[in-house]
$ cat entry15.cif   # mmCIF, C-alpha atoms and all ligand atoms
data_upload
#
loop_
_atom_site.label_atom_id
_atom_site.label_comp_id
_atom_site.auth_asym_id
_atom_site.auth_seq_id
_atom_site.Cartn_x
_atom_site.Cartn_y
_atom_site.Cartn_z
CA MET I 1 48.38 81.00 -56.38
CA SER I 2 45.53 82.81 -58.15
CA ASP I 3 42.93 80.47 -56.65
CA LEU I 4 43.71 81.57 -53.10
CA LEU I 5 40.58 82.64 -51.23
CA PRO I 6 40.09 86.40 -50.98
CA VAL I 7 40.42 87.81 -47.50
CA SER I 8 36.76 87.98 -46.58
CA ARG I 9 36.75 90.20 -43.54
CA SER I 10 38.31 93.45 -42.49
CA SER I 11 41.66 93.31 -40.78
CA SER I 12 40.22 95.29 -37.89
CA SER I 13 37.52 92.71 -36.98
CA PRO I 14 37.97 91.33 -33.44
CA GLN I 15 40.19 88.27 -33.20
CA LYS I 16 38.43 85.10 -32.26
CA ILE I 17 39.42 81.57 -31.35
CA GLY I 18 37.76 78.65 -33.13
CA VAL I 19 37.56 75.08 -31.83
CA LEU I 20 36.78 72.50 -34.48
CA LEU I 21 35.75 69.00 -33.43
CA LEU I 22 36.67 66.52 -36.17
CA ASN I 23 35.16 63.12 -36.75
CA LEU I 24 35.24 60.52 -39.49
CA GLY I 25 32.10 61.09 -41.52
CA THR I 26 28.92 59.37 -42.48
CA PRO I 27 26.53 59.26 -45.45
CA ASP I 28 23.78 61.86 -45.92
CA GLY I 29 21.16 59.13 -46.35
CA THR I 30 20.78 55.35 -46.42
CA ASP I 31 20.10 55.14 -50.18
CA TYR I 32 22.60 53.57 -52.56
CA TRP I 33 23.96 56.85 -54.00
CA SER I 34 24.38 58.63 -50.66
CA VAL I 35 26.30 55.67 -49.25
CA ARG I 36 28.28 55.24 -52.48
CA ARG I 37 29.36 58.90 -52.47
CA TYR I 38 30.53 58.64 -48.87
CA LEU I 39 32.30 55.29 -49.25
CA GLY I 40 33.87 56.46 -52.53
CA GLU I 41 35.48 59.43 -50.76
CA PHE I 42 36.44 57.38 -47.69
CA LEU I 43 37.95 54.44 -49.52
CA SER I 44 39.87 56.67 -51.98
CA ASP I 45 41.90 58.10 -49.09
CA PRO I 46 45.47 56.76 -49.38
CA ARG I 47 45.84 57.11 -45.60
CA VAL I 48 43.05 54.50 -45.25
CA ILE I 49 43.83 52.21 -48.19
CA GLU I 50 47.55 51.98 -48.80
CA THR I 51 47.23 49.66 -51.83
CA PRO I 52 48.80 51.47 -54.85
CA LYS I 53 46.15 53.54 -56.66
CA ALA I 54 46.61 51.77 -60.02
CA LEU I 55 45.71 48.48 -58.33
CA TRP I 56 43.04 49.75 -55.92
CA TRP I 57 41.09 52.10 -58.25
CA PRO I 58 39.63 49.31 -60.47
CA ILE I 59 38.87 47.10 -57.45
CA LEU I 60 37.13 49.99 -55.68
CA ASN I 61 35.11 51.17 -58.66
CA LEU I 62 34.29 47.83 -60.30
CA PHE I 63 33.66 45.69 -57.24
CA VAL I 64 33.53 47.44 -53.85
CA LEU I 65 31.36 50.41 -54.88
CA SER I 66 28.97 48.24 -56.87
CA THR I 67 28.00 46.01 -53.92
CA ARG I 68 29.03 47.57 -50.60
CA PRO I 69 26.77 50.68 -50.65
CA GLN I 70 23.66 48.48 -50.86
CA LYS I 71 24.78 46.29 -47.96
CA SER I 72 26.00 49.22 -45.83
CA GLY I 73 22.83 51.22 -46.64
CA GLU I 74 20.73 48.40 -45.18
CA ALA I 75 22.91 48.43 -42.05
CA TYR I 76 22.57 52.25 -41.77
CA SER I 77 18.77 51.87 -42.07
CA LEU I 78 18.75 49.79 -38.89
CA ILE I 79 20.32 52.57 -36.81
CA TRP I 80 19.23 55.74 -38.65
CA ASP I 81 17.81 58.52 -36.44
CA ARG I 82 14.33 58.67 -38.00
CA GLU I 83 13.19 61.66 -35.96
CA ARG I 84 16.00 63.86 -37.29
CA ASP I 85 16.47 61.88 -40.53
CA ASP I 86 20.18 61.75 -39.84
CA SER I 87 23.04 59.43 -39.01
CA PRO I 88 23.73 58.86 -35.29
CA LEU I 89 27.40 59.80 -35.70
CA ARG I 90 26.47 63.27 -37.04
CA VAL I 91 23.64 63.76 -34.51
CA ILE I 92 25.97 62.96 -31.60
CA THR I 93 28.95 64.93 -32.92
CA ARG I 94 26.66 67.95 -33.44
CA ALA I 95 25.36 67.57 -29.87
CA GLN I 96 28.95 67.47 -28.57
CA ALA I 97 29.80 70.67 -30.47
CA ASP I 98 26.61 72.45 -29.30
CA ASN I 99 27.29 71.47 -25.71
CA LEU I 100 30.92 72.59 -25.87
CA ALA I 101 29.88 75.86 -27.54
CA GLN I 102 27.68 76.68 -24.54
CA ARG I 103 30.50 75.88 -22.13
CA LEU I 104 33.00 78.12 -23.99
CA ALA I 105 30.65 80.93 -25.02
CA GLY I 106 31.72 83.10 -22.07
CA ASP I 107 35.29 83.04 -23.39
CA GLY I 108 34.19 84.22 -26.84
CA ILE I 109 35.18 80.94 -28.50
CA MET I 110 33.45 79.69 -31.64
CA VAL I 111 32.89 75.92 -31.60
CA ASP I 112 31.82 73.78 -34.53
CA PHE I 113 32.24 70.25 -35.91
CA ALA I 114 33.26 68.83 -39.28
CA MET I 115 33.75 65.48 -40.97
CA ARG I 116 36.75 64.06 -42.84
CA TYR I 117 34.42 62.49 -45.41
CA GLY I 118 30.99 63.81 -46.34
CA ASN I 119 29.18 66.63 -44.57
CA PRO I 120 29.67 69.10 -43.02
CA SER I 121 32.99 69.13 -44.85
CA THR I 122 36.12 70.22 -43.03
CA ARG I 123 36.78 72.86 -45.67
CA SER I 124 33.33 74.46 -45.43
CA VAL I 125 33.52 74.78 -41.66
CA LEU I 126 37.08 76.12 -41.65
CA GLU I 127 36.03 78.72 -44.22
CA LYS I 128 33.06 79.64 -42.01
CA MET I 129 35.40 80.09 -39.04
CA GLU I 130 37.86 82.11 -41.11
CA ALA I 131 35.03 84.36 -42.37
CA ALA I 132 33.80 84.81 -38.78
CA GLY I 133 37.20 86.23 -37.84
CA CYS I 134 38.85 83.24 -36.15
CA ARG I 135 42.59 84.01 -36.21
CA ARG I 136 43.47 81.00 -34.03
CA ILE I 137 41.95 77.57 -34.54
CA LEU I 138 42.27 74.41 -32.48
CA LEU I 139 41.61 71.20 -34.43
CA MET I 140 40.41 68.42 -32.12
CA PRO I 141 40.17 65.01 -33.81
CA LEU I 142 37.81 63.02 -31.56
CA TYR I 143 39.80 59.79 -31.68
CA PRO I 144 41.13 58.65 -28.30
CA GLN I 145 43.75 56.36 -29.88
CA TYR I 146 45.99 57.81 -32.60
CA SER I 147 46.00 56.24 -36.05
CA ALA I 148 47.27 57.63 -39.35
CA THR I 149 43.97 56.34 -40.82
CA THR I 150 41.89 58.61 -38.59
CA THR I 151 43.74 61.34 -36.64
CA ALA I 152 46.35 62.15 -39.28
CA THR I 153 43.95 62.17 -42.23
CA ALA I 154 41.50 64.42 -40.33
CA ASN I 155 44.32 66.93 -39.83
CA ASP I 156 45.54 66.49 -43.44
CA LYS I 157 42.07 67.46 -44.67
CA ALA I 158 42.07 70.57 -42.50
CA PHE I 159 45.52 71.59 -43.76
CA ASP I 160 44.33 71.05 -47.37
CA ALA I 161 41.69 73.71 -46.67
CA LEU I 162 44.17 76.03 -44.94
CA ARG I 163 46.46 75.76 -47.98
CA ARG I 164 43.82 77.66 -49.94
CA MET I 165 43.68 80.60 -47.54
CA ARG I 166 45.56 83.81 -48.26
CA TRP I 167 45.48 84.83 -44.58
CA GLN I 168 45.80 81.61 -42.64
CA PRO I 169 44.83 81.51 -38.98
CA ALA I 170 47.30 80.10 -36.43
CA VAL I 171 46.50 76.43 -35.97
CA ARG I 172 46.99 73.84 -33.24
CA THR I 173 46.05 70.16 -33.30
CA GLY I 174 44.90 68.29 -30.20
CA PRO I 175 46.73 65.08 -29.28
CA ALA I 176 45.31 61.57 -28.92
CA TYR I 177 44.00 60.98 -25.40
CA PHE I 178 44.14 57.18 -24.97
CA ASP I 179 46.02 57.54 -21.66
CA ASP I 180 44.61 60.86 -20.44
CA PRO I 181 43.67 60.22 -16.78
CA LYS I 182 40.35 62.06 -17.23
CA TYR I 183 39.45 59.92 -20.28
CA VAL I 184 40.39 56.75 -18.40
CA GLU I 185 38.27 57.86 -15.44
CA VAL I 186 35.23 58.75 -17.55
CA LEU I 187 35.51 55.49 -19.51
CA GLY I 188 35.98 53.52 -16.28
CA GLU I 189 32.91 55.14 -14.71
CA SER I 190 30.86 54.43 -17.85
CA ILE I 191 31.74 50.74 -17.45
CA ARG I 192 30.93 50.76 -13.74
CA GLU I 193 27.57 52.46 -14.33
CA GLY I 194 26.81 50.32 -17.40
CA ILE I 195 27.35 47.15 -15.40
CA ALA I 196 25.50 48.37 -12.31
CA ALA I 197 22.39 48.89 -14.47
CA LEU I 198 22.37 45.26 -15.69
CA ASP I 199 20.32 42.40 -14.27
CA PHE I 200 23.28 40.05 -14.67
CA GLU I 201 26.95 40.03 -13.72
CA PRO I 202 29.21 39.84 -16.81
CA GLU I 203 31.92 37.17 -16.59
CA LEU I 204 34.01 39.14 -19.07
CA VAL I 205 34.03 42.72 -20.40
CA LEU I 206 35.21 43.12 -23.99
CA THR I 207 36.82 46.36 -25.11
CA SER I 208 36.27 46.15 -28.86
CA TYR I 209 38.37 48.61 -30.88
CA HIS I 210 38.01 49.38 -34.57
CA GLY I 211 40.51 47.17 -36.41
CA LEU I 212 43.43 48.10 -38.66
CA PRO I 213 45.51 46.11 -41.16
CA GLN I 214 48.41 44.48 -39.28
CA SER I 215 50.85 45.89 -41.86
CA TYR I 216 50.00 49.50 -40.85
CA VAL I 217 51.02 48.73 -37.28
CA ASP I 218 54.15 46.91 -38.50
CA LYS I 219 55.09 50.13 -40.36
CA GLY I 220 54.82 52.17 -37.16
CA ASP I 221 51.19 53.15 -36.52
CA PRO I 222 50.95 53.24 -32.68
CA TYR I 223 47.20 52.49 -32.69
CA GLU I 224 47.37 48.90 -31.40
CA ARG I 225 49.63 49.91 -28.50
CA HIS I 226 47.31 52.82 -27.66
CA CYS I 227 44.31 50.45 -27.57
CA HIS I 228 46.01 47.99 -25.22
CA GLU I 229 47.16 50.84 -23.01
CA THR I 230 43.63 52.28 -22.71
CA THR I 231 42.25 48.90 -21.62
CA ARG I 232 45.12 48.31 -19.18
CA LEU I 233 44.66 51.75 -17.60
CA VAL I 234 40.88 51.35 -17.33
CA GLY I 235 41.35 47.96 -15.65
CA GLU I 236 43.80 49.57 -13.24
CA TYR I 237 41.36 52.44 -12.58
CA LEU I 238 38.56 49.96 -11.82
CA GLY I 239 40.87 47.82 -9.67
CA TRP I 240 40.02 44.74 -11.72
CA PRO I 241 42.23 41.72 -12.45
CA ALA I 242 43.53 41.85 -16.04
CA SER I 243 41.54 38.68 -16.85
CA ARG I 244 38.21 40.53 -16.47
CA LEU I 245 38.85 42.74 -19.53
CA LYS I 246 39.74 41.57 -23.02
CA VAL I 247 40.91 43.59 -26.05
CA THR I 248 39.41 42.68 -29.43
CA PHE I 249 39.34 44.35 -32.87
CA GLN I 250 36.25 44.74 -35.04
CA SER I 251 35.12 45.86 -38.52
CA ARG I 252 37.63 43.97 -40.66
CA PHE I 253 37.61 45.21 -44.26
CA GLY I 254 39.24 43.37 -47.18
CA PRO I 255 41.33 40.23 -47.40
CA SER I 256 44.58 41.32 -45.69
CA LYS I 257 45.52 40.33 -42.13
CA TRP I 258 44.00 42.69 -39.54
CA LEU I 259 44.73 43.14 -35.86
CA SER I 260 43.61 40.22 -33.74
CA PRO I 261 41.77 38.77 -31.94
CA ALA I 262 38.66 39.67 -33.94
CA THR I 263 35.56 40.73 -32.01
CA ASP I 264 33.19 38.60 -34.11
CA THR I 265 35.10 35.32 -33.77
CA THR I 266 35.73 36.00 -30.07
CA LEU I 267 31.98 36.44 -29.46
CA GLU I 268 31.30 33.17 -31.31
CA THR I 269 33.97 31.25 -29.39
CA LEU I 270 33.41 32.50 -25.83
CA PRO I 271 30.24 30.47 -25.07
CA LYS I 272 32.06 27.25 -26.05
CA GLN I 273 34.75 28.20 -23.52
CA GLY I 274 32.10 28.58 -20.82
CA VAL I 275 31.81 32.41 -20.92
CA LYS I 276 28.09 33.01 -21.36
CA LYS I 277 27.56 36.51 -19.92
CA VAL I 278 29.41 39.42 -21.45
CA ALA I 279 29.36 43.19 -21.59
CA ILE I 280 31.07 45.01 -24.45
CA LEU I 281 32.11 48.58 -25.18
CA ALA I 282 33.92 50.29 -28.07
CA PRO I 283 36.48 52.76 -26.66
CA ALA I 284 37.93 53.78 -30.07
CA PHE I 285 34.75 55.69 -30.81
CA HIS I 286 33.86 58.85 -28.90
CA ALA I 287 30.40 58.76 -30.53
CA ASP I 288 28.13 55.83 -31.31
CA CYS I 289 27.93 55.01 -35.01
CA ILE I 290 27.22 52.19 -37.40
CA GLU I 291 30.26 50.28 -36.14
CA THR I 292 28.94 50.19 -32.57
CA LEU I 293 25.14 50.32 -32.92
CA GLU I 294 24.76 47.91 -35.85
CA GLU I 295 27.91 45.81 -35.87
CA ILE I 296 28.23 45.29 -32.10
CA ALA I 297 24.94 46.05 -30.35
CA ILE I 298 22.84 44.25 -33.00
CA GLY I 299 25.14 41.90 -34.95
CA GLY I 300 27.48 41.02 -32.09
CA LYS I 301 24.56 40.24 -29.79
CA GLU I 302 22.91 37.99 -32.37
CA SER I 303 26.06 35.97 -33.00
CA PHE I 304 26.91 35.65 -29.27
CA LEU I 305 23.42 34.38 -28.41
CA ALA I 306 23.33 32.09 -31.47
CA ALA I 307 26.65 30.55 -30.32
CA GLY I 308 25.15 29.66 -26.93
CA GLY I 309 25.72 32.89 -24.97
CA GLU I 310 23.08 33.78 -22.37
CA ASN I 311 23.45 37.48 -21.58
CA PHE I 312 24.92 40.25 -23.70
CA ALA I 313 25.04 43.97 -22.92
CA TYR I 314 26.38 46.82 -25.00
CA ILE I 315 27.76 49.79 -23.02
CA PRO I 316 27.34 52.98 -25.11
CA CYS I 317 30.15 55.29 -26.16
CA LEU I 318 30.86 58.41 -24.10
CA ASN I 319 28.85 60.54 -26.56
CA ASP I 320 27.65 63.88 -25.12
CA THR I 321 27.07 62.79 -21.52
CA GLN I 322 27.96 65.37 -18.92
CA ALA I 323 31.08 63.42 -17.85
CA SER I 324 32.21 63.12 -21.46
CA MET I 325 31.69 66.83 -22.09
CA ASP I 326 33.50 67.73 -18.85
CA MET I 327 36.42 65.75 -20.21
CA ILE I 328 36.32 67.32 -23.69
CA GLU I 329 36.06 70.79 -22.15
CA ALA I 330 39.08 70.10 -19.91
CA MET I 331 41.12 68.82 -22.86
CA VAL I 332 40.18 71.79 -25.03
CA ARG I 333 40.96 74.34 -22.29
CA ARG I 334 44.34 72.65 -21.75
CA GLU I 335 45.15 72.77 -25.47
CA LEU I 336 44.08 76.44 -25.64
CA SER I 337 46.48 77.47 -22.91
CA GLY I 338 48.33 80.64 -23.84
CA TRP I 339 45.57 81.56 -26.29
CA LEU I 340 42.85 82.26 -23.74
C1 LIG I 401 40.64 49.81 -44.71
C2 LIG I 401 39.51 50.21 -44.24
C3 LIG I 401 39.30 50.89 -42.95
C4 LIG I 401 40.21 51.32 -41.96
C5 LIG I 401 41.72 51.20 -41.96
C6 LIG I 401 39.45 51.95 -40.93
C7 LIG I 401 39.98 52.51 -39.74
C8 LIG I 401 39.22 53.11 -38.75
N1 LIG I 401 37.91 53.56 -38.82
C9 LIG I 401 37.52 54.12 -37.62
C10 LIG I 401 36.28 54.67 -37.30
C11 LIG I 401 35.12 54.52 -38.06
N2 LIG I 401 34.98 53.73 -39.19
C12 LIG I 401 33.67 53.80 -39.62
C13 LIG I 401 33.13 53.15 -40.71
C14 LIG I 401 33.84 52.41 -41.67
N3 LIG I 401 35.17 52.06 -41.63
C15 LIG I 401 35.52 51.39 -42.80
C16 LIG I 401 36.79 50.95 -43.17
C17 LIG I 401 37.98 51.24 -42.48
N4 LIG I 401 38.14 51.89 -41.29
C18 LIG I 401 34.33 51.32 -43.62
C19 LIG I 401 34.25 50.68 -44.97
C20 LIG I 401 33.30 51.97 -42.91
C21 LIG I 401 31.89 52.25 -43.41
C22 LIG I 401 30.82 51.48 -42.85
C23 LIG I 401 30.63 50.20 -43.57
O1 LIG I 401 30.41 50.22 -44.79
O2 LIG I 401 30.68 49.16 -42.89
C24 LIG I 401 32.95 54.67 -38.73
C25 LIG I 401 31.45 54.91 -38.70
C26 LIG I 401 30.83 55.86 -39.69
C27 LIG I 401 29.35 55.99 -39.53
O3 LIG I 401 28.78 56.53 -40.46
O4 LIG I 401 28.68 55.63 -38.56
C28 LIG I 401 33.85 55.14 -37.78
C29 LIG I 401 33.58 56.12 -36.66
C30 LIG I 401 38.65 54.03 -36.75
C31 LIG I 401 38.65 54.54 -35.30
C32 LIG I 401 39.70 53.41 -37.45
C33 LIG I 401 41.08 53.09 -37.08
C34 LIG I 401 41.66 53.23 -35.98
FE FE I 402 36.47 52.54 -40.09
FE FE I 403 31.44 47.74 -39.88
#

$ encode --input "entry15.cif" --output "structure tokens"
Amino acid sequence: MSDLLPVSRSSSSPQKIGVLLLNLGTPDGTDYWSVRRYLGEFLSDPRVIETPKALWWPILNLFVLSTRPQKSGEAYSLIWDRERDDSPLRVITRAQADNLAQRLAGDGIMVDFAMRYGNPSTRSVLEKMEAAGCRRILLMPLYPQYSATTTATANDKAFDALRRMRWQPAVRTGPAYFDDPKYVEVLGESIREGIAALDFEPELVLTSYHGLPQSYVDKGDPYERHCHETTRLVGEYLGWPASRLKVTFQSRFGPSKWLSPATDTTLETLPKQGVKKVAILAPAFHADCIETLEEIAIGGKESFLAAGGENFAYIPCLNDTQASMDMIEAMVRRELSGWL
């Protein structure tokens, strides 16, 4: 217990509420070592890779981390925000936190963001909030669909930091919002507006969710069900027939069976089935990132067109648009009820 943090502020300082937006994480640069550091932390998380450590550690260190950082670094280079020299995921998450901070400033609420892997670390931001006098903290993982590999591990990391505090603040965690009517509405409107701006009419709209090993779902992770429910509700909101929207899963990693159908093989097969005009969005991500900007908007487009597709459009994530921030603000205010 001797390594508990000292209480760093006087007990008479005014009580504050902190709201901490949590996202996955991203490398600090596109070079081999930056990406290796980030992937090393990410892929050592037993919530993400459930293979027993004795088996996984040599595979990770001898094979994955010797080749993947180079390949991923090249992919990050294609989407890197050169103006800010930063990763889009961090730029957008910071913009969401700044925007929310302005909206909540009148209520004396401190808003910040942190990452599960990499920087800014969850621990450093929680310590900053604690030092600023936050006695109540709301953790908001920005994942619409719950998964142990994302939501739960983001909260775990926060509780690891809280474990080190002598005087812990009161803590709440925000729920997944895959079926929140406001999320469904904002997502539905983003599809409507995305399509209205196109010079073609998509025959099919793909909702491409980040994938997960099938075995995680078999053991009880509700993620797949949440994904299907989001797409069903959005279709209902838009008043579309179910056949106009299709659920797919992207970003397969490793040799095990992942959720299907896969986004990449679907995009390669659709033109042969006569579907040549598609729009695609990625509702599992509240902020655009390598998985949407490189894998879908660049790679997915290339493979669809190479397979005989004619028109392809990527509809961006909700990011920090006004509608998205209205929704985040509403969710946060709801979760703060009784504290405000
Ligand atoms: C077993 C591996 C992985 C699981 C399970 C997984 C689940 C999962 N991930 C997200 C969201 C994001 N993943 C991102 C990147 C990313 N994901 C994996 C692997 C698994 N993800 C890897 C190896 C990577 C790194 C990129 C690469 O090398 O290809 C990101 C983007 C980060 C960025 O910097 O832009 C996000 C966001 C969800 C929602 C999810 C399960 C539901
Ligand atoms: Fe991922
Ligand atoms: Fe990917």

$ closest_residue --input "entry15.cif" --among "I:Ala101, I:Gly133, I:Pro255, I:Ile315" --to "I:Arg192" --atoms "all atoms listed in the file"
I:Ile315

$ closest_atom_pairs --input "entry15.cif" --of "chain I" --to "ligand LIG 401 (chain I)" --cutoff "7 Å" --atoms "all atoms listed in the file" --output "JSON lines"
{"residue": "I:Leu24", "atom": "CA", "partner": "I:LIG401", "partner_atom": "C29", "distance": 5.5}
{"residue": "I:Gly25", "atom": "CA", "partner": "I:LIG401", "partner_atom": "C26", "distance": 5.7}
{"residue": "I:Thr26", "atom": "CA", "partner": "I:LIG401", "partner_atom": "O3", "distance": 3.5}
{"residue": "I:Pro27", "atom": "CA", "partner": "I:LIG401", "partner_atom": "O3", "distance": 6.1}
{"residue": "I:Leu39", "atom": "CA", "partner": "I:LIG401", "partner_atom": "C19", "distance": 6.6}
{"residue": "I:Leu43", "atom": "CA", "partner": "I:LIG401", "partner_atom": "C2", "distance": 6.9}
{"residue": "I:Val48", "atom": "CA", "partner": "I:LIG401", "partner_atom": "C5", "distance": 4.8}
{"residue": "I:Ile49", "atom": "CA", "partner": "I:LIG401", "partner_atom": "C1", "distance": 5.3}
{"residue": "I:Arg68", "atom": "CA", "partner": "I:LIG401", "partner_atom": "O1", "distance": 6.5}
{"residue": "I:Pro69", "atom": "CA", "partner": "I:LIG401", "partner_atom": "O1", "distance": 6.9}
{"residue": "I:Ser72", "atom": "CA", "partner": "I:LIG401", "partner_atom": "O1", "distance": 4.6}
{"residue": "I:Ser87", "atom": "CA", "partner": "I:LIG401", "partner_atom": "O3", "distance": 6.6}
{"residue": "I:Pro88", "atom": "CA", "partner": "I:LIG401", "partner_atom": "O4", "distance": 6.8}
{"residue": "I:Leu89", "atom": "CA", "partner": "I:LIG401", "partner_atom": "O4", "distance": 5.2}
{"residue": "I:Tyr143", "atom": "CA", "partner": "I:LIG401", "partner_atom": "C31", "distance": 6.5}
{"residue": "I:Ser147", "atom": "CA", "partner": "I:LIG401", "partner_atom": "C34", "distance": 5.3}
{"residue": "I:Thr149", "atom": "CA", "partner": "I:LIG401", "partner_atom": "C7", "distance": 5.6}
{"residue": "I:Thr150", "atom": "CA", "partner": "I:LIG401", "partner_atom": "C32", "distance": 5.8}
{"residue": "I:His210", "atom": "CA", "partner": "I:LIG401", "partner_atom": "C30", "distance": 5.2}
{"residue": "I:Gly211", "atom": "CA", "partner": "I:LIG401", "partner_atom": "C33", "distance": 6.0}
{"residue": "I:Leu212", "atom": "CA", "partner": "I:LIG401", "partner_atom": "C5", "distance": 4.8}
{"residue": "I:Pro213", "atom": "CA", "partner": "I:LIG401", "partner_atom": "C5", "distance": 6.4}
{"residue": "I:Tyr223", "atom": "CA", "partner": "I:LIG401", "partner_atom": "C34", "distance": 6.5}
{"residue": "I:Ser251", "atom": "CA", "partner": "I:LIG401", "partner_atom": "N3", "distance": 6.9}
{"residue": "I:Phe253", "atom": "CA", "partner": "I:LIG401", "partner_atom": "C2", "distance": 5.3}
{"residue": "I:Ala284", "atom": "CA", "partner": "I:LIG401", "partner_atom": "C31", "distance": 5.3}
{"residue": "I:Phe285", "atom": "CA", "partner": "I:LIG401", "partner_atom": "C29", "distance": 6.0}
{"residue": "I:Cys289", "atom": "CA", "partner": "I:LIG401", "partner_atom": "O4", "distance": 3.7}
{"residue": "I:Ile290", "atom": "CA", "partner": "I:LIG401", "partner_atom": "O4", "distance": 3.9}
{"residue": "I:Glu291", "atom": "CA", "partner": "I:LIG401", "partner_atom": "C25", "distance": 5.4}

$ atom_distance --input "entry15.cif" --atom1 "atom CA of I:Lys16" --atom2 "atom CA of I:Ala287"
27.6 Å

$ residues_around --input "entry15.cif" --residues "stretch 50-52 of chain I" --least-positions-apart "4" --cutoff "10 Å" --atoms "all atoms listed in the file" --output "mmCIF file with C-alpha atoms, keeping the file's coordinate frame"
data_model
loop_
_atom_site.group_PDB
_atom_site.id
_atom_site.type_symbol
_atom_site.label_atom_id
_atom_site.label_comp_id
_atom_site.auth_asym_id
_atom_site.auth_seq_id
_atom_site.Cartn_x
_atom_site.Cartn_y
_atom_site.Cartn_z
ATOM 1 C CA LEU I 43 37.950 54.440 -49.520
ATOM 2 C CA SER I 44 39.870 56.670 -51.980
ATOM 3 C CA ASP I 45 41.900 58.100 -49.090
ATOM 4 C CA PRO I 46 45.470 56.760 -49.380
ATOM 5 C CA TRP I 56 43.040 49.750 -55.920
ATOM 6 C CA TRP I 57 41.090 52.100 -58.250
ATOM 7 C CA THR I 149 43.970 56.340 -40.820
ATOM 8 C CA PRO I 213 45.510 46.110 -41.160
ATOM 9 C CA SER I 215 50.850 45.890 -41.860
ATOM 10 C CA TYR I 216 50.000 49.500 -40.850
#

$ axis_aligned_box --input "entry15.cif" --around "stretch 282-297 of chain I" --padding-each-side "4 Å" --output "JSON"
{"center_x": 31.3, "center_y": 52.1, "center_z": -32.0, "size_x": 21.2, "size_y": 21.6, "size_z": 18.7}

$ closest_residue --input "entry15.cif" --among "I:Glu203, I:Pro222, I:Ala282, I:Leu20" --to "I:Ser243" --atoms "all atoms listed in the file"
I:Glu203

$ atom_distance --input "entry15.cif" --atom1 "atom CA of I:Gln96" --atom2 "atom CA of I:Ala197"
24.2 Å

$ residues_near_ligand --input "entry15.cif" --ligand "ligand FE 403 (chain I)" --cutoff "12 Å" --atoms "only C-alpha atoms and all ligand atoms" --output "ChimeraX atom specification"
/I:68,71-76,209-211,249-254,263-264,289-300

$ residues_around --input "entry15.cif" --residues "I:Tyr32" --least-positions-apart "3" --cutoff "6 Å" --atoms "all atoms listed in the file" --output "list in words"
Val35, Arg36, Pro69 and Gln70 of chain I

$ residues_around --input "entry15.cif" --residues "I:Val186" --least-positions-apart "3" --cutoff "8 Å" --atoms "all atoms listed in the file" --output "list in words"
Lys182, Tyr183, Glu189, Ser190, Leu318, Ala323, Ser324 and Met327 of chain I
